[in-house]
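Structure data follow from target_16.txt (compact mmCIF, C-alpha atoms):
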```txt
# COMPACT_ATOMS: atom_id res chain seq x y z
CA MET A 1 4.35 56.40 -5.01
CA THR A 2 0.96 56.84 -3.40
CA ARG A 3 -0.14 55.11 -0.27
CA LYS A 4 -2.69 53.07 -2.21
CA SER A 5 -0.11 51.72 -4.70
CA ARG A 6 2.29 50.83 -1.84
CA ARG A 7 -0.46 48.75 -0.22
CA LEU A 8 -1.15 47.02 -3.54
CA TRP A 9 2.55 46.16 -3.98
CA LEU A 10 2.76 44.92 -0.40
CA LEU A 11 -0.33 42.78 -0.91
CA LEU A 12 1.05 41.34 -4.17
CA LEU A 13 4.42 40.54 -2.54
CA CYS A 14 2.68 38.81 0.38
CA ALA A 15 0.52 36.77 -2.02
CA LEU A 16 3.61 35.80 -4.04
CA GLY A 17 5.47 34.77 -0.87
CA LEU A 18 2.52 32.75 0.43
CA GLY A 19 2.06 31.06 -2.95
CA SER A 20 5.76 30.15 -3.13
CA ALA A 21 5.75 28.77 0.41
CA THR A 22 2.65 26.68 -0.35
CA ALA A 23 4.18 25.31 -3.56
CA LEU A 24 7.41 24.35 -1.77
CA THR A 25 5.51 22.68 1.07
CA LEU A 26 3.33 20.64 -1.29
CA THR A 27 6.35 19.57 -3.32
CA ALA A 28 8.14 18.42 -0.16
CA PHE A 29 5.08 16.48 1.01
CA GLN A 30 4.64 14.79 -2.34
CA ASP A 31 8.19 13.45 -2.20
CA ASN A 32 7.51 11.98 1.26
CA LEU A 33 4.02 10.59 0.66
CA VAL A 34 3.79 6.82 0.52
CA PHE A 35 0.80 5.52 -1.41
CA PHE A 36 -0.94 2.19 -0.81
CA ARG A 37 -1.47 -0.16 -3.75
CA SER A 38 -2.93 -3.62 -4.11
CA PRO A 39 -1.58 -6.18 -6.61
CA SER A 40 -4.58 -5.41 -8.87
CA ASP A 41 -3.67 -1.69 -8.81
CA ILE A 42 -0.12 -2.56 -9.90
CA ALA A 43 -1.38 -4.85 -12.68
CA ARG A 44 -3.66 -2.07 -13.92
CA GLU A 45 -1.06 0.71 -13.73
CA ALA A 46 2.56 0.17 -12.73
CA PRO A 47 3.97 2.85 -10.41
CA LYS A 48 6.82 5.10 -11.47
CA PRO A 49 10.28 3.53 -11.18
CA ASP A 50 12.04 4.20 -7.88
CA ARG A 51 8.79 5.45 -6.29
CA ALA A 52 8.29 4.05 -2.76
CA PHE A 53 4.81 2.78 -1.96
CA ARG A 54 3.00 0.31 0.27
CA LEU A 55 1.91 -3.01 -1.19
CA GLY A 56 -0.84 -4.77 0.72
CA GLY A 57 -2.72 -8.01 0.45
CA LEU A 58 -2.46 -11.59 1.64
CA VAL A 59 0.65 -13.75 1.67
CA GLU A 60 -0.04 -16.36 -1.00
CA THR A 61 -0.15 -19.90 0.37
CA GLY A 62 2.87 -21.98 -0.66
CA SER A 63 4.89 -18.98 -1.85
CA VAL A 64 7.17 -18.29 1.13
CA MET A 65 10.82 -19.24 0.64
CA ARG A 66 13.37 -18.43 3.32
CA GLU A 67 17.11 -18.48 2.75
CA THR A 68 20.25 -16.71 3.83
CA ALA A 69 21.63 -13.87 1.71
CA PRO A 70 25.35 -13.91 0.78
CA ASP A 71 26.03 -11.37 3.55
CA GLY A 72 24.53 -13.74 6.15
CA LYS A 73 21.24 -11.86 6.63
CA PRO A 74 17.93 -13.72 6.42
CA GLU A 75 16.15 -13.30 3.08
CA ALA A 76 12.50 -14.07 2.33
CA ARG A 77 10.74 -14.38 -1.00
CA PHE A 78 6.96 -14.58 -1.16
CA ARG A 79 3.95 -13.42 -3.18
CA VAL A 80 1.33 -10.90 -2.07
CA THR A 81 -2.12 -11.39 -3.59
CA ASP A 82 -5.51 -9.73 -3.44
CA GLY A 83 -7.14 -12.77 -5.02
CA ALA A 84 -7.18 -11.41 -8.55
CA HIS A 85 -3.45 -10.64 -9.03
CA GLY A 86 -0.19 -11.35 -7.24
CA VAL A 87 3.19 -9.62 -6.90
CA ALA A 88 6.51 -11.29 -6.08
CA VAL A 89 8.22 -9.74 -3.03
CA THR A 90 11.77 -10.02 -1.71
CA TYR A 91 12.75 -8.87 1.76
CA ILE A 92 16.12 -8.98 3.50
CA GLY A 93 15.74 -8.95 7.26
CA VAL A 94 13.84 -10.65 10.04
CA LEU A 95 10.14 -11.07 9.32
CA PRO A 96 7.59 -10.18 12.03
CA ASP A 97 6.48 -13.01 14.34
CA LEU A 98 2.90 -12.81 13.01
CA PHE A 99 4.02 -13.20 9.37
CA ARG A 100 2.63 -16.38 7.81
CA GLU A 101 1.02 -17.68 4.65
CA GLY A 102 -2.63 -16.76 4.16
CA GLN A 103 -2.39 -13.75 6.49
CA GLY A 104 -2.67 -10.04 5.73
CA VAL A 105 0.52 -8.07 5.18
CA VAL A 106 1.55 -4.55 4.23
CA THR A 107 5.03 -4.03 2.80
CA LEU A 108 6.91 -0.80 2.12
CA GLY A 109 9.37 -0.66 -0.77
CA LYS A 110 9.86 -0.18 -4.50
CA LEU A 111 8.95 -2.16 -7.60
CA GLY A 112 12.02 -3.29 -9.54
CA PRO A 113 12.36 -3.32 -13.33
CA ASP A 114 11.78 -7.09 -13.31
CA GLY A 115 8.40 -6.67 -11.58
CA THR A 116 9.62 -7.88 -8.20
CA PHE A 117 8.73 -5.70 -5.22
CA ARG A 118 11.79 -5.08 -3.04
CA ALA A 119 10.48 -4.50 0.47
CA SER A 120 12.39 -2.48 3.03
CA GLU A 121 9.73 -3.07 5.70
CA VAL A 122 7.13 -5.81 6.29
CA LEU A 123 4.15 -5.35 8.61
CA ALA A 124 1.99 -8.36 9.51
CA ARG A 125 -1.55 -8.17 10.78
CA HIS A 126 -2.03 -7.98 14.52
CA ASP A 127 -4.39 -10.84 15.30
CA GLU A 128 -7.02 -13.10 13.77
CA THR A 129 -9.64 -10.33 13.49
CA TYR A 130 -7.51 -7.34 12.48
CA MET A 131 -7.03 -6.44 8.83
CA PRO A 132 -5.38 -3.23 7.59
CA PRO A 133 -8.09 -0.97 6.11
CA GLU A 134 -6.21 -0.78 2.82
CA VAL A 135 -6.18 -4.59 2.51
CA ALA A 136 -9.90 -4.79 3.34
CA ASP A 137 -10.64 -2.18 0.64
CA ALA A 138 -8.57 -4.09 -1.92
CA LEU A 139 -10.39 -7.34 -1.12
CA LYS A 140 -13.76 -5.60 -1.43
CA ARG A 141 -12.78 -4.11 -4.82
CA SER A 142 -11.60 -7.50 -6.11
CA GLY A 143 -14.93 -9.11 -5.15
CA HIS A 144 -13.51 -11.43 -2.48
CA TRP A 145 -15.42 -9.91 0.41
CA ASN A 146 -18.72 -8.11 0.78
CA PRO A 147 -19.12 -6.77 4.33
CA ASN A 148 -22.90 -6.64 3.87
CA GLN A 149 -22.89 -10.44 3.72
CA GLY A 150 -21.23 -10.94 7.09
CA ALA A 151 -17.76 -11.28 8.53
CA ALA A 152 -14.78 -11.86 6.28
CA PRO A 153 -14.08 -15.53 5.53
CA PRO A 154 -10.73 -16.97 6.66
CA ALA A 155 -7.76 -15.41 4.91
CA ALA A 156 -6.69 -18.69 3.32
CA THR A 157 -9.92 -18.85 1.30
CA TRP A 158 -9.07 -15.56 -0.43
CA ASN A 159 -5.96 -17.04 -1.97
CA THR A 160 -7.70 -18.00 -5.20
CA LEU A 161 -8.09 -16.42 -8.58
CA GLU A 162 -11.88 -16.77 -8.50
CA PRO A 163 -14.13 -14.25 -6.71
CA ALA A 164 -15.89 -15.70 -3.69
CA PRO A 165 -19.35 -17.06 -4.50
CA ALA A 166 -22.25 -14.86 -3.44
CA GLN A 167 -23.61 -15.86 -0.06
CA PRO A 168 -27.33 -15.70 0.67
CA ARG A 169 -28.30 -12.70 2.78
CA ARG A 170 -29.33 -13.34 6.33
CA GLY A 171 -32.94 -12.69 7.16
CA SER A 172 -34.12 -13.17 3.54
```

Produce structure tokens that represent the structure in this file.
Amino acid sequence: MTRKSRRLWLLLLCALGLGSATALTLTAFQDNLVFFRSPSDIAREAPKPDRAFRLGGLVETGSVMRETAPDGKPEARFRVTDGAHGVAVTYIGVLPDLFREGQGVVTLGKLGPDGTFRASEVLARHDETYMPPEVADALKRSGHWNPNQGAAPPAATWNTLEPAPAQPRRGS
């Protein structure tokens, strides 16, 4: 075997090893990635069964029901909406102190066969002015908020099925 052919084989083996390592790494990352979806995204295209993802939106006013599960743990049932669509959510555990109706929320979990989202984690927004970027994007896409027309209206006003009416531009 000539020196030139040995280098070619070595180069091919290195490329094969690097390609295999890259493929394994990407496969491992894909299994651990958690995607964000709004209720409208779920209505448009349901995620794969048993695929964990984040569901974000606003807690629908009048939808929160708290009870105790048979094992004695607190259980909450509520709906998350982006104004256009809503998804029923169940969560077993203690909800964050900032959790309330009409406020932004991001939940982590899986969508069940019955269409109910079973959350393993619930994150509430931090204060009156904070909104998770994913929730803000979903509200913009659904037509409930246009940042060019000023600050976001109160969260409770987004809990409708109608897009917000267009507001006159300032300085016009």

Which one is closest to Glu121 in chain A: A:Leu55, A:Leu139, A:Val64, A:Ile42? Count only C-alpha atoms. A:Leu55

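In this model, the gap between CA of Thr90 in chain A and CA of Arg37 in chain A comes to 16.6 Å.
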
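Residue nearest Gln103 in chain A within the list A:Ala52, A:Val89, A:Met1, A:Ala124: A:Ala124 [criterion: smallest interatomic distance, only C-alpha atoms].
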
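Separating CA of Asp50 in chain A from CA of Pro96 in chain A is a distance of 25.0 Å.
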
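Each of A:Val122, A:Leu95, A:Ala76, A:Val59 was checked against Gly109 in chain A using all atoms listed in the file; the smallest atom-to-atom distance is that of A:Val122.
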
Counting all atoms listed in the file, closest pick from A:Leu13, A:Ala88, A:Ala138, A:Val94 relative to Arg66 in chain A is A:Val94

How many Å separate CA of Asn148 in chain A from CA of Gly83 in chain A? 19.1 Å

Of the residues A:Leu108, A:Leu18, A:Ala23, A:Leu11, which is the one nearest to Phe35 in chain A, using all atoms listed in the file? A:Leu108

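Comparing the minimum interatomic distances between Arg77 in chain A and each of A:Leu26, A:Ala119, A:Ala21, A:Val105, counting all atoms listed in the file, we find that A:Ala119 sits nearest.
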
Given the point (-12.9, -3.2, -6.9) in the coordinates of this file, which residues lie within 12 Å, counting only C-alpha atoms, and how would they look as an mmCIF file with C-alpha atoms, in the coordinates of the input?
```
data_model
loop_
_atom_site.group_PDB
_atom_site.id
_atom_site.type_symbol
_atom_site.label_atom_id
_atom_site.label_comp_id
_atom_site.auth_asym_id
_atom_site.auth_seq_id
_atom_site.Cartn_x
_atom_site.Cartn_y
_atom_site.Cartn_z
ATOM 1 C CA SER A 38 -2.930 -3.620 -4.110
ATOM 2 C CA PRO A 39 -1.580 -6.180 -6.610
ATOM 3 C CA SER A 40 -4.580 -5.410 -8.870
ATOM 4 C CA ASP A 41 -3.670 -1.690 -8.810
ATOM 5 C CA ARG A 44 -3.660 -2.070 -13.920
ATOM 6 C CA ASP A 82 -5.510 -9.730 -3.440
ATOM 7 C CA GLY A 83 -7.140 -12.770 -5.020
ATOM 8 C CA ALA A 84 -7.180 -11.410 -8.550
ATOM 9 C CA VAL A 135 -6.180 -4.590 2.510
ATOM 10 C CA ALA A 136 -9.900 -4.790 3.340
ATOM 11 C CA ASP A 137 -10.640 -2.180 0.640
ATOM 12 C CA ALA A 138 -8.570 -4.090 -1.920
ATOM 13 C CA LEU A 139 -10.390 -7.340 -1.120
ATOM 14 C CA LYS A 140 -13.760 -5.600 -1.430
ATOM 15 C CA ARG A 141 -12.780 -4.110 -4.820
ATOM 16 C CA SER A 142 -11.600 -7.500 -6.110
ATOM 17 C CA GLY A 143 -14.930 -9.110 -5.150
ATOM 18 C CA HIS A 144 -13.510 -11.430 -2.480
ATOM 19 C CA TRP A 145 -15.420 -9.910 0.410
ATOM 20 C CA ASN A 146 -18.720 -8.110 0.780
ATOM 21 C CA PRO A 163 -14.130 -14.250 -6.710
#
```

As AutoDock Vina command-line options, please: the centre and edge lengths in Å, to one decimal, of an axis-aligned box enclosing every listed atom of range 35-50 of chain A with 3 Å added on each side.
```
--center_x 3.7 --center_y -0.3 --center_z -7.4 --size_x 22.6 --size_y 17.7 --size_z 19.1
```
